[in-house]
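Here's the structure, in structure tokens; my notes come after.
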Amino acid sequence: SLVSSALFGRLTGLDLGTSMAIGAGGAICGNSAVIAVAPALKLKEERFGVILAMINILGLLTFLAIPLLAKSLALSEVQGGIWSGAVVHAVPQAVAAGEAIGEEALVIATAVKLSRVSLLVLVVPLCAWIGRRIQSADSSASRGFSLPYFVPGFVIAACLATWLVPASLSGAITQLARVMLLPILAAVGFFINKKSMQQAGGPILLVGVASTAVMVGVAY
């Protein structure tokens, strides 16, 4: 998704930072991935908001389409679970898509999707490096590289949730995190306006659709 987004973005005239954010949203975990990489890629608020809107639309479409396609293509529950976990954008959507296929597909989809989420540890530093190069190309800023705080924070949180924090408490924290994410998304939505949609809405949607189609085909 990252490579295809960069290629399609170049064809449609999008900057590399925007293309990488679209690719991260599709390849990793939807909104959360876009929020994680946007600061590193130095994206403007209005561009950030448009990307989130398009990623949500594409995530909904894959969530609805993959279970139907899996059934129509007579895929097994294991195959359908792998396909759901490898394609559907957001974690809850991927899990729900697997559940719609079957109990075994639910387990497989969850495992595959969480393995994609773990790739944030690699993608965020990559986007930080790209963002630094973009900033350096536009100014006389140093080309030094600093690791975003998100990466060690993500690793520490994963380790705590896996080995130290009780499952009941980690589940409550997860629910709290989802609630706290809502005002962030609402605030980002304030920056979406007619001008930003006219300037980049079409290309962002085209790149998102194309990269998602590549994901669906390759995963199948």
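Residues in the structure tokens are numbered from 1 in each chain, the chains being A, B, ... in the order shown, and ligands are numbered from 1 in the order shown.
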
- Task: Using backbone DSSP assignments, extract all alpha helix (DSSP H) residues from segment 9-204 of chain A; output them as a ChimeraX atom specification.
- Result: /A:9-12,16-24,31-37,45-72,77-87,91-101,103-117,120-138,150-159,167-189,194-196,202-204

- Item | Pick from A:Ser115, A:Gln135, A:Gln79, A:Ser211 nearest to Ala6 of chain A, counting only C-alpha atoms |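 Selected residue with least distance to Ala6 of chain A: A:Ser211.
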
Please build the interface table for segment 55-147 of chain A against segment 13-21 of chain A with a cut-off of 12 Å, listing for each qualifying residue the nearest atom pair and the distance in Å to one decimal; count only C-alpha atoms, order rows by chain and increasing number, and write it as CSV.
residue,atom,partner,partner_atom,distance
A:Ile55,CA,A:Ala21,CA,9.8
A:Val123,CA,A:Met20,CA,9.5
A:Val124,CA,A:Ala21,CA,10.1
A:Leu126,CA,A:Met20,CA,9.7
A:Cys127,CA,A:Met20,CA,7.3
A:Ala128,CA,A:Gly17,CA,9.9
A:Trp129,CA,A:Gly17,CA,10.7
A:Ile130,CA,A:Gly17,CA,7.4
A:Gly131,CA,A:Gly17,CA,6.7
A:Arg132,CA,A:Gly17,CA,10.3
A:Arg133,CA,A:Gly17,CA,10.3
A:Ile134,CA,A:Gly17,CA,8.0
A:Gln135,CA,A:Gly17,CA,10.4

- Skipping near chain neighbours, those fewer than 6 positions away, what residues fall within 8 Å of Ser4 of chain A using only C-alpha atoms, listed as a ChimeraX atom specification? /A:23,210-211,214

Would you mind exporting all heavy atoms of the selected residues as a PDB file, in the first residue's frame?
ATOM      1  N   GLY A  23      -1.087   5.845   2.181  1.00  0.00           N
ATOM      2  CA  GLY A  23      -0.614   4.463   2.199  1.00  0.00           C
ATOM      3  C   GLY A  23      -0.571   3.877   3.593  1.00  0.00           C
ATOM      4  O   GLY A  23      -0.947   2.718   3.810  1.00  0.00           O
ATOM      5  N   ALA A 210      -6.986   3.396  -5.679  1.00  0.00           N
ATOM      6  CA  ALA A 210      -6.020   2.586  -6.428  1.00  0.00           C
ATOM      7  C   ALA A 210      -5.170   1.718  -5.502  1.00  0.00           C
ATOM      8  O   ALA A 210      -4.975   0.524  -5.753  1.00  0.00           O
ATOM      9  CB  ALA A 210      -5.126   3.500  -7.272  1.00  0.00           C
ATOM     10  N   SER A 211      -4.661   2.311  -4.425  1.00  0.00           N
ATOM     11  CA  SER A 211      -3.811   1.535  -3.510  1.00  0.00           C
ATOM     12  C   SER A 211      -4.618   0.467  -2.781  1.00  0.00           C
ATOM     13  O   SER A 211      -4.125  -0.639  -2.520  1.00  0.00           O
ATOM     14  CB  SER A 211      -3.119   2.453  -2.506  1.00  0.00           C
ATOM     15  OG  SER A 211      -4.051   3.144  -1.706  1.00  0.00           O
ATOM     16  N   VAL A 214      -5.094  -2.414  -5.115  1.00  0.00           N
ATOM     17  CA  VAL A 214      -3.862  -3.213  -5.160  1.00  0.00           C
ATOM     18  C   VAL A 214      -3.787  -4.129  -3.936  1.00  0.00           C
ATOM     19  O   VAL A 214      -3.449  -5.322  -4.060  1.00  0.00           O
ATOM     20  CB  VAL A 214      -2.622  -2.299  -5.225  1.00  0.00           C
ATOM     21  CG1 VAL A 214      -1.345  -3.098  -5.011  1.00  0.00           C
ATOM     22  CG2 VAL A 214      -2.572  -1.583  -6.563  1.00  0.00           C
TER      23      VAL A 214
END

- Message: Measuring between only C-alpha atoms, which one of A:Leu2, A:Leu41, A:Leu69, A:Ala157 shows the shortest distance to Ser136 of chain A?
- Response: A:Leu41

- Can you tell me, as an MDAnalysis selection string, what residues are no more than 8 Å from Ala24 of chain A when counting only C-alpha atoms, ignoring any on the same chain fewer than 5 positions away? chainID A and resid 1:2 29:30 33:34 37 123

- Message: For segment 173-185 of chain A, find every residue with an atom within 10 Å (counting only C-alpha atoms), except residues of its own chain fewer than 5 positions away, and show them as number ranges by chain.
- Response: A: 31-32, 35, 49, 52-53, 161, 167-168, 190

- Message: For a quick check of understanding, using only C-alpha atoms, which of A:Leu7, A:Tyr149, A:Glu46, A:Met54 has the smallest distance to Gly208 of chain A?
- Response: A:Met54

- Task: Considering only C-alpha atoms, return as a VMD selection string whatever protein or nucleic-acid residues lie within 10 Å of Ala70 of chain A, sequence-local ones (same chain, fewer than 3 positions apart) excluded.
- Result: chain A and resid 65 to 67 73 to 77 79 to 81 83 to 84 101 220

- Atomic separation - atom CA of Ala94 of chain A relative to atom CA of Ala109 of chain A, Å: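 So the answer is 6.4 Å.
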
- Contacts of His89 of chain A at 9 Å or less, counting only C-alpha atoms, minus same-chain residues fewer than 3 places along, as number ranges by chain? A: 25-31, 55-56, 58-60, 62-63, 85-86, 92-94, 113
